[in-house]
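The structure file entry-v9.cif is reproduced below (mmCIF, C-alpha atoms).
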```cif
data_entry
loop_
_atom_site.label_atom_id
_atom_site.label_comp_id
_atom_site.auth_asym_id
_atom_site.auth_seq_id
_atom_site.Cartn_x
_atom_site.Cartn_y
_atom_site.Cartn_z
CA MET A 8 10.60 18.75 -1.84
CA LYS A 9 14.03 17.85 -0.44
CA ILE A 10 15.15 14.61 -2.12
CA ALA A 11 18.14 12.27 -1.70
CA ILE A 12 19.45 9.64 -4.13
CA VAL A 13 21.00 6.37 -2.96
CA ASN A 14 22.63 4.56 -5.88
CA ASP A 15 26.11 3.26 -6.73
CA MET A 16 25.67 3.52 -10.52
CA PRO A 17 26.78 6.90 -11.98
CA LEU A 18 24.47 6.57 -15.02
CA ALA A 19 21.47 5.89 -12.81
CA VAL A 20 22.33 8.84 -10.56
CA GLU A 21 22.62 11.11 -13.59
CA ALA A 22 19.27 9.88 -14.96
CA LEU A 23 17.62 10.64 -11.63
CA ARG A 24 19.31 14.06 -11.41
CA ARG A 25 17.99 15.00 -14.84
CA ALA A 26 14.49 13.78 -13.99
CA LEU A 27 14.40 15.83 -10.78
CA ALA A 28 15.71 18.90 -12.62
CA LEU A 29 12.53 18.91 -14.72
CA GLU A 30 10.58 20.05 -11.64
CA PRO A 31 12.01 23.22 -10.02
CA ALA A 32 10.19 22.45 -6.75
CA HIS A 33 12.45 19.43 -6.16
CA GLU A 34 15.82 19.96 -4.47
CA LEU A 35 18.48 17.27 -4.51
CA ILE A 36 20.19 17.60 -1.11
CA TRP A 37 22.62 14.67 -1.19
CA VAL A 38 23.69 11.52 -3.03
CA ALA A 39 24.93 8.34 -1.33
CA GLY A 40 26.73 5.49 -3.06
CA ASN A 41 25.58 2.70 -0.74
CA GLY A 42 23.09 1.94 2.00
CA GLN A 43 25.51 2.50 4.91
CA GLU A 44 26.37 5.95 3.65
CA ALA A 45 22.66 6.67 3.23
CA VAL A 46 21.90 5.74 6.84
CA GLU A 47 24.65 8.10 8.03
CA ARG A 48 23.64 10.96 5.72
CA CYS A 49 20.00 10.57 6.65
CA ALA A 50 20.87 10.96 10.33
CA GLU A 51 22.71 14.19 9.53
CA GLN A 52 20.12 15.62 7.12
CA THR A 53 16.83 13.76 6.78
CA PRO A 54 15.21 14.42 3.39
CA ASP A 55 11.51 14.46 2.58
CA LEU A 56 12.04 11.57 0.15
CA ILE A 57 14.78 9.04 -0.66
CA LEU A 58 15.10 7.41 -4.08
CA MET A 59 16.63 4.10 -3.00
CA ASP A 60 18.40 1.55 -5.19
CA LEU A 61 18.25 -2.14 -4.21
CA ILE A 62 21.58 -3.72 -5.18
CA MET A 63 24.58 -1.84 -3.78
CA PRO A 64 27.93 -2.63 -2.13
CA VAL A 65 28.47 -2.42 1.65
CA MET A 66 24.74 -2.33 2.43
CA ASP A 67 21.84 -2.99 0.08
CA GLY A 68 18.62 -0.99 -0.20
CA VAL A 69 16.53 -3.42 1.84
CA GLU A 70 18.71 -3.15 4.95
CA ALA A 71 19.18 0.59 4.46
CA THR A 72 15.41 1.04 4.31
CA ARG A 73 14.98 -0.97 7.51
CA ARG A 74 17.58 1.07 9.40
CA ILE A 75 16.38 4.44 8.14
CA MET A 76 12.74 3.71 8.97
CA ALA A 77 13.77 2.64 12.46
CA ALA A 78 16.06 5.60 13.20
CA THR A 79 15.16 8.59 11.01
CA PRO A 80 11.93 7.66 9.18
CA CYS A 81 11.08 9.42 5.94
CA ALA A 82 9.39 8.59 2.65
CA ILE A 83 11.32 6.04 0.56
CA VAL A 84 10.67 4.96 -3.03
CA ILE A 85 12.61 2.02 -4.42
CA VAL A 86 14.14 2.77 -7.83
CA THR A 87 15.37 -0.26 -9.76
CA VAL A 88 16.51 -1.15 -13.27
CA ASP A 89 15.34 -4.77 -13.09
CA ARG A 90 12.20 -5.23 -11.02
CA LYS A 91 11.54 -8.77 -12.28
CA GLN A 92 14.86 -10.06 -10.99
CA ASN A 93 14.47 -8.23 -7.69
CA VAL A 94 10.79 -8.76 -6.87
CA HIS A 95 11.45 -10.39 -3.49
CA ARG A 96 13.84 -7.62 -2.47
CA VAL A 97 11.27 -5.02 -3.55
CA PHE A 98 8.63 -6.43 -1.21
CA GLU A 99 11.12 -6.92 1.60
CA ALA A 100 11.92 -3.20 1.37
CA MET A 101 8.23 -2.32 1.24
CA GLY A 102 7.73 -4.50 4.29
CA HIS A 103 10.21 -2.28 6.13
CA GLY A 104 8.30 0.86 5.15
CA ALA A 105 9.23 1.81 1.56
CA LEU A 106 6.18 3.41 0.00
CA ASP A 107 6.45 2.39 -3.63
CA VAL A 108 8.71 1.20 -6.42
CA VAL A 109 9.44 2.61 -9.87
CA ASP A 110 11.79 1.89 -12.77
CA THR A 111 14.91 3.99 -13.19
CA PRO A 112 14.25 6.57 -15.95
CA ALA A 113 16.00 5.79 -19.24
CA LEU A 114 18.88 8.15 -19.96
CA GLY A 115 18.99 9.69 -23.45
CA ALA A 116 16.01 7.74 -24.81
CA GLY A 117 13.36 9.88 -26.52
CA ASP A 118 11.58 12.71 -24.73
CA PRO A 119 13.25 13.25 -21.30
CA ARG A 120 9.99 14.41 -19.68
CA GLU A 121 8.13 11.36 -20.97
CA ALA A 122 10.86 9.06 -19.62
CA ALA A 123 10.74 10.80 -16.25
CA ALA A 124 6.93 10.96 -16.03
CA PRO A 125 6.37 7.76 -13.95
CA LEU A 126 8.98 8.83 -11.39
CA LEU A 127 7.71 12.42 -11.20
CA ARG A 128 4.15 11.19 -10.74
CA LYS A 129 5.25 8.99 -7.83
CA ILE A 130 7.02 11.96 -6.25
CA LEU A 131 3.92 14.12 -6.66
CA ASN A 132 1.81 11.50 -4.90
CA ILE A 133 4.38 11.19 -2.10
CA GLY A 134 4.15 14.95 -1.61
CA TRP A 135 0.44 14.63 -1.00
CA LEU A 136 0.98 11.73 1.39
CA ILE A 137 3.56 13.63 3.41
CA GLY A 138 1.14 16.53 3.73
CA GLN A 139 -1.67 14.08 4.58
CA GLN A 140 -3.91 15.96 2.18
CA ARG A 141 -6.92 14.56 0.39
CA THR A 142 -8.35 15.63 -2.92
CA SER A 143 -11.81 14.21 -2.41
CA ALA A 144 -14.38 14.67 0.31
CA PRO A 145 -15.52 11.63 2.29
CA SER A 146 -18.78 10.13 1.17
CA ASN A 147 -21.88 10.29 3.33
CA VAL A 148 -23.03 7.10 5.02
CA PRO A 149 -25.64 5.49 2.71
CA THR A 150 -29.15 5.00 4.01
CA ALA A 151 -30.60 2.93 1.16
CA VAL A 152 -31.61 -0.66 1.94
CA ARG A 153 -29.21 -3.17 0.38
CA GLU A 154 -30.71 -5.43 -2.25
CA VAL A 155 -28.04 -8.16 -2.42
CA SER A 156 -27.51 -10.98 0.04
CA GLN A 157 -24.16 -12.79 -0.02
CA ARG A 158 -23.85 -16.16 1.67
CA THR A 159 -20.20 -15.93 2.61
CA GLY A 160 -18.24 -13.65 4.90
CA LEU A 161 -15.74 -11.08 3.69
CA VAL A 162 -12.52 -9.62 5.08
CA ALA A 163 -11.56 -6.32 3.44
CA ILE A 164 -7.93 -5.42 4.18
CA GLY A 165 -6.13 -2.18 3.32
CA SER A 166 -2.39 -1.52 3.67
CA SER A 167 0.35 0.74 2.37
CA ALA A 168 3.91 1.39 3.61
CA GLY A 169 5.03 -1.71 5.50
CA GLY A 170 2.05 -3.57 4.10
CA PRO A 171 3.69 -6.51 2.32
CA ALA A 172 5.38 -7.74 5.50
CA ALA A 173 2.24 -7.07 7.56
CA LEU A 174 0.09 -8.98 5.08
CA GLU A 175 2.53 -11.88 5.19
CA VAL A 176 2.21 -12.10 8.98
CA LEU A 177 -1.57 -11.78 8.95
CA LEU A 178 -2.14 -14.35 6.20
CA LYS A 179 0.30 -16.81 7.79
CA GLY A 180 -1.81 -16.69 10.93
CA LEU A 181 -5.00 -17.79 9.17
CA PRO A 182 -6.00 -21.44 8.72
CA ARG A 183 -5.66 -22.80 5.19
CA GLN A 184 -9.39 -23.43 5.00
CA PHE A 185 -10.36 -19.94 6.14
CA PRO A 186 -14.17 -19.75 5.83
CA ALA A 187 -14.45 -16.22 4.40
CA ALA A 188 -13.36 -14.36 1.28
CA ILE A 189 -10.40 -11.98 1.58
CA VAL A 190 -9.78 -8.94 -0.63
CA LEU A 191 -6.51 -7.02 -0.23
CA VAL A 192 -5.95 -3.42 -1.32
CA GLN A 193 -2.26 -2.53 -1.14
CA HIS A 194 -0.78 0.69 -2.50
CA VAL A 195 1.46 -0.75 -5.20
CA ASP A 196 1.84 0.03 -8.89
CA GLN A 197 0.07 -2.43 -11.20
CA VAL A 198 3.37 -3.52 -12.79
CA PHE A 199 4.33 -5.01 -9.42
CA ALA A 200 0.93 -6.34 -8.35
CA ALA A 201 1.28 -9.79 -9.93
CA GLY A 202 4.75 -10.13 -8.41
CA MET A 203 3.37 -9.23 -5.02
CA ALA A 204 0.62 -11.85 -5.30
CA ASP A 205 3.24 -14.48 -6.19
CA TRP A 206 5.50 -13.32 -3.37
CA LEU A 207 2.70 -13.54 -0.79
CA SER A 208 1.71 -16.97 -2.07
CA SER A 209 5.28 -18.21 -1.64
CA THR A 210 5.73 -16.78 1.86
CA CYS A 211 2.40 -16.96 3.70
CA GLY A 212 0.99 -20.40 2.90
CA GLN A 213 -2.14 -18.99 1.24
CA VAL A 214 -2.85 -18.86 -2.50
CA VAL A 215 -3.02 -15.18 -3.42
CA ARG A 216 -3.96 -14.00 -6.91
CA LEU A 217 -5.08 -10.81 -8.62
CA ALA A 218 -8.79 -10.00 -8.51
CA ARG A 219 -10.50 -10.32 -11.88
CA GLU A 220 -13.07 -7.92 -13.28
CA GLY A 221 -16.60 -9.20 -12.72
CA GLU A 222 -15.85 -11.99 -10.22
CA PRO A 223 -17.48 -12.15 -6.77
CA PRO A 224 -15.40 -12.65 -3.62
CA GLN A 225 -15.67 -16.30 -2.57
CA ALA A 226 -14.85 -18.15 0.63
CA GLY A 227 -11.33 -19.55 0.69
CA GLN A 228 -9.97 -17.09 -1.89
CA VAL A 229 -7.43 -14.32 -1.27
CA LEU A 230 -7.69 -11.64 -3.96
CA LEU A 231 -5.34 -8.68 -4.43
CA ALA A 232 -6.34 -5.48 -6.25
CA GLY A 233 -4.25 -5.66 -9.40
CA THR A 234 -4.40 -2.37 -11.34
CA ASN A 235 -3.84 1.36 -10.89
CA HIS A 236 -7.61 1.77 -11.05
CA HIS A 237 -9.68 1.50 -7.90
CA ILE A 238 -11.40 -1.76 -7.05
CA ARG A 239 -14.94 -1.70 -5.71
CA LEU A 240 -17.80 -4.03 -4.90
CA LEU A 241 -20.87 -3.60 -7.09
CA LYS A 242 -24.51 -3.95 -6.06
CA ASN A 243 -24.65 -7.39 -7.72
CA GLY A 244 -21.81 -8.65 -5.49
CA GLN A 245 -19.13 -8.61 -8.20
CA LEU A 246 -15.77 -6.85 -8.12
CA ALA A 247 -15.00 -4.16 -10.67
CA TYR A 248 -12.13 -1.84 -11.51
CA THR A 249 -12.90 1.84 -12.09
CA ALA A 250 -10.92 5.00 -12.80
CA GLU A 251 -13.36 7.04 -10.71
CA PRO A 252 -12.72 9.03 -8.61
CA VAL A 253 -9.96 10.28 -10.90
CA ASN A 254 -8.70 12.87 -8.40
CA GLU A 255 -8.03 10.31 -5.66
CA ILE A 256 -4.26 10.28 -5.08
CA TYR A 257 -4.25 6.79 -3.57
CA ARG A 258 -4.49 4.25 -6.38
CA PRO A 259 -5.96 1.78 -5.73
CA SER A 260 -7.83 3.57 -2.94
CA ILE A 261 -8.68 1.68 0.23
CA ASP A 262 -11.45 4.17 1.01
CA VAL A 263 -13.13 3.47 -2.33
CA PHE A 264 -13.18 -0.27 -1.66
CA PHE A 265 -14.21 -0.05 2.01
CA GLU A 266 -17.04 2.34 1.17
CA SER A 267 -18.36 0.01 -1.55
CA VAL A 268 -18.30 -2.89 0.92
CA ALA A 269 -20.23 -0.81 3.44
CA ARG A 270 -22.88 -0.14 0.81
CA TYR A 271 -23.31 -3.50 -0.82
CA TRP A 272 -21.96 -6.42 1.24
CA ASN A 273 -25.04 -7.85 2.95
CA ALA A 274 -23.37 -10.59 4.99
CA PRO A 275 -20.88 -10.83 7.88
CA GLY A 276 -17.75 -8.82 7.19
CA VAL A 277 -14.66 -7.27 8.74
CA GLY A 278 -12.63 -4.26 7.72
CA VAL A 279 -8.92 -4.28 8.61
CA LEU A 280 -6.63 -1.27 8.21
CA LEU A 281 -2.92 -1.99 8.46
CA THR A 282 0.31 0.02 8.46
CA GLY A 283 0.68 2.89 6.00
CA MET A 284 1.44 6.57 5.51
CA GLY A 285 -1.40 9.05 5.12
CA ARG A 286 -5.12 8.68 5.77
CA ASP A 287 -6.43 6.32 3.09
CA GLY A 288 -8.92 3.81 4.50
CA ALA A 289 -9.85 5.72 7.65
CA GLN A 290 -13.11 7.18 6.32
CA GLY A 291 -14.04 3.93 4.60
CA LEU A 292 -13.39 1.97 7.78
CA LYS A 293 -15.63 4.38 9.68
CA MET A 294 -18.40 3.86 7.15
CA MET A 295 -18.05 0.08 7.58
CA ARG A 296 -18.33 0.47 11.35
CA GLN A 297 -21.42 2.64 11.01
CA GLN A 298 -22.98 -0.06 8.84
CA GLY A 299 -22.45 -2.72 11.49
CA PHE A 300 -19.22 -4.38 10.35
CA LEU A 301 -16.43 -5.32 12.73
CA THR A 302 -13.54 -2.90 12.12
CA ILE A 303 -9.93 -3.42 13.22
CA ALA A 304 -6.89 -1.15 13.02
CA GLN A 305 -3.28 -2.21 13.58
CA ASP A 306 -1.71 -0.73 16.71
CA GLN A 307 1.18 1.73 16.75
CA GLN A 308 3.80 -0.62 18.19
CA SER A 309 3.47 -3.19 15.41
CA SER A 310 3.04 -0.69 12.52
CA ALA A 311 6.01 0.08 10.30
CA VAL A 312 4.36 3.44 9.58
CA TYR A 313 1.61 4.53 11.97
CA GLY A 314 -0.32 6.81 9.64
CA MET A 315 -3.47 5.17 8.28
CA PRO A 316 -4.31 3.21 11.45
CA LYS A 317 -3.70 6.36 13.51
CA ALA A 318 -6.10 8.31 11.29
CA ALA A 319 -8.72 5.59 11.76
CA ALA A 320 -8.27 5.60 15.53
CA ALA A 321 -8.55 9.39 15.62
CA ILE A 322 -12.05 9.36 14.08
CA ASP A 323 -13.21 6.30 16.06
CA ALA A 324 -13.41 4.17 12.91
CA ALA A 325 -11.91 1.07 14.53
CA MET A 326 -13.93 -0.99 17.00
CA GLU A 327 -10.71 -2.78 17.96
CA ILE A 328 -7.05 -1.74 17.84
CA ARG A 329 -4.82 -4.79 17.87
CA PRO A 330 -1.16 -5.79 17.47
CA LEU A 331 -0.54 -7.29 14.05
CA GLU A 332 0.08 -10.79 15.41
CA ARG A 333 -3.35 -10.85 17.09
CA ILE A 334 -5.45 -9.86 14.09
CA ALA A 335 -5.51 -13.26 12.33
CA GLY A 336 -6.74 -15.00 15.46
CA ARG A 337 -9.52 -12.45 15.86
CA LEU A 338 -10.63 -12.99 12.24
CA THR A 339 -10.67 -16.77 12.71
CA GLU A 340 -12.68 -16.39 15.89
CA PHE A 341 -15.16 -14.04 14.22
CA PHE A 342 -15.92 -16.35 11.28
CA THR A 343 -15.93 -19.66 13.18
CA LYS A 344 -17.95 -18.73 16.27
#
```

I'd like the structure from this file rewritten - as structure tokens, please.
Amino acid sequence: MKIAIVNDMPLAVEALRRALALEPAHELIWVAGNGQEAVERCAEQTPDLILMDLIMPVMDGVEATRRIMAATPCAIVIVTVDRKQNVHRVFEAMGHGALDVVDTPALGAGDPREAAAPLLRKILNIGWLIGQQRTSAPSNVPTAVREVSQRTGLVAIGSSAGGPAALEVLLKGLPRQFPAAIVLVQHVDQVFAAGMADWLSSTCGQVVRLAREGEPPQAGQVLLAGTNHHIRLLKNGQLAYTAEPVNEIYRPSIDVFFESVARYWNAPGVGVLLTGMGRDGAQGLKMMRQQGFLTIAQDQQSSAVYGMPKAAAAIDAAMEIRPLERIAGRLTEFFTK
């Protein structure tokens, strides 16, 4: 994989160089010391992946991500030394299309491969996303009669690259007393999930919190999948976290959640697939449609990355394809008619 580093700190650049050197398949093609330089270098030689710092002179990582995704889009992972201090910037960058965020590997601390493992795992996953490959076959549509009857409606929403900003817009468009439960599955590492819930709560006017093991979705609540395990709905109507399927590269997987909703949610429901790279959620959305749920995919013009919604449209999984700003109104109409 051809990789670029954007960072103004020599020690951080060296740590990233050493981490990449542990995998011969990775080729470092250029290093930029600020966001402006990165935009220019990317136009000259677009890499497969950029490891982007947040705080830099001239132009920071948020603005650089926005400009690169608009002009020469490629996979971007935010690499930061202080995620707690920069949580809002992290989700701004992800709103512009950055795929994920990871800590800068520690330089000279213990086993170098162990220190680099989180970063290298992210890069491996990005490689699969770029290739739009899947490691698990789609499940068959279930034919068994459901045994549980919920009394409230449910909105199941999946998003990835560009998702934080898209979720902010969608949730802002809903009334405060929205009459259905909402469960969000966003591709984000568990160390940032709580920060994302807080960020959404502060920006969208809805109270968003992490979903707890064993709780049922309830009307008026907005729950966010909060671990690197998959979240799924059980037959008894409760939410649960599970490591299975272990070979699923998307964690948490939107497909896993959508498919569980298709099997076990026996009340009105809507599946919504927003911006993101790859194909996660497309098969699950199709299963929801086949089980009689309303299914919506974000349109190309309003998507930061038109991957997942495009995959859903290609297999006729979405009953409706809508601009982002028109999805909240459709949800309100559906649950208040």

* Pull out every residue that the PyMOL selection byres ((chain A and resi 131) around 12) matches in the shown coordinates and put them as a PyMOL selection string. => chain A and resi 8+27+30+32-33+55-56+84+124-130+132-138+140+256-257

* To do: Kindly give the distance, in Å, that separates CA of Gly68 in chain A and CA of Ala311 in chain A, rounded to a single decimal.
  => 16.4 Å

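Applying the 7 Å criterion to (-5.6, -6.9, 8.7) in file coordinates and using only C-alpha atoms, one obtains the residues Ile164, Leu177, Val279, Leu280, Leu281 and Ile334 of chain A.
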
* Structure fact -> For Leu338 in chain A, the closest of A:Thr302, A:Asn235, A:Asn14, A:Thr79 counting only C-alpha atoms is A:Thr302

* Around (-10.6, -9.9, -13.4) in the file's frame, which residues reach within 12 Å when counting all atoms listed in the file? Return as a count of residues only? -> 19

* To do: I would like the residues chosen by the PyMOL selection byres ((chain A and resi 196-213) around 9) on the shown file; could you give them as a VMD selection string?
  => chain A and resid 90 to 91 94 to 95 98 107 to 109 171 to 172 174 to 183 193 to 195 214 to 217 228 to 236 258 to 259

* Go through A:Glu340, A:Met326, A:Val38, A:Met315 one by one, measure the shortest atom-to-atom distance of each to Ala187 in chain A using all atoms listed in the file, and give the residue with the smallest value. => A:Glu340

* Within 12 Å of Lys344 in chain A using only C-alpha atoms, minus same-chain residues under 6 positions, as an MDAnalysis selection string -> chainID A and resid 186 275 336:338

* To do: Select, from A:Asn243, A:Thr339, A:Asn273, A:Thr282, the residue with the minimum atom-to-atom distance to Gln305 in chain A, counting only C-alpha atoms.
  =>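 Closest residue, counting only C-alpha atoms: A:Thr282.
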
* To do: Please measure the separation of CA of Ala289 in chain A and CA of Ser166 in chain A, giving the value in Å to one decimal.
  =>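 Calculated distance between CA of Ala289 in chain A and CA of Ser166 in chain A is 11.1 Å.
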
* Quick one, how far is CA of Glu21 in chain A from CA of Gln92 in chain A? ->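 Computing it gives 22.7 Å between the two atoms.
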
* Asked: Neighbours of Gln308 in chain A within 12 Å (only C-alpha atoms; same-chain residues fewer than 4 positions away dropped), as a PyMOL selection string?
  -> chain A and resi 77+281-282+304+312-313+316-317+328-332

* Can you list, as a list of chain:residue names, the residues that the PyMOL selection byres ((chain A and resi 58) around 9) selects here? ->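 When the PyMOL selection byres ((chain A and resi 58) around 9) is applied to the shown file, the picked residues are A:Ile10, A:Ala11, A:Ile12, A:Val13, A:Asn14, A:Leu23, A:Leu56, A:Ile57, A:Met59, A:Asp60, A:Ala82, A:Ile83, A:Val84, A:Ile85, A:Val86.
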
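In this comparison, which uses only C-alpha atoms, the residue of A:Met101, A:Ile303, A:Val88, A:Leu191 approaching Thr72 in chain A most closely is A:Met101.
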
* To do: Go through A:Val253, A:Val277, A:Met295, A:Val97 one by one, measure the shortest atom-to-atom distance of each to Gly169 in chain A using only C-alpha atoms, and give the residue with the smallest value.
  =>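 Among the listed residues, the smallest separation from Gly169 in chain A belongs to A:Val97.
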
* Quick one: of A:Lys242, A:Arg120, A:Arg333, A:Lys293, who's nearest to Ala22 in chain A, counting all atoms listed in the file? ->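 Among the listed residues, A:Arg120 lies closest to Ala22 in chain A.
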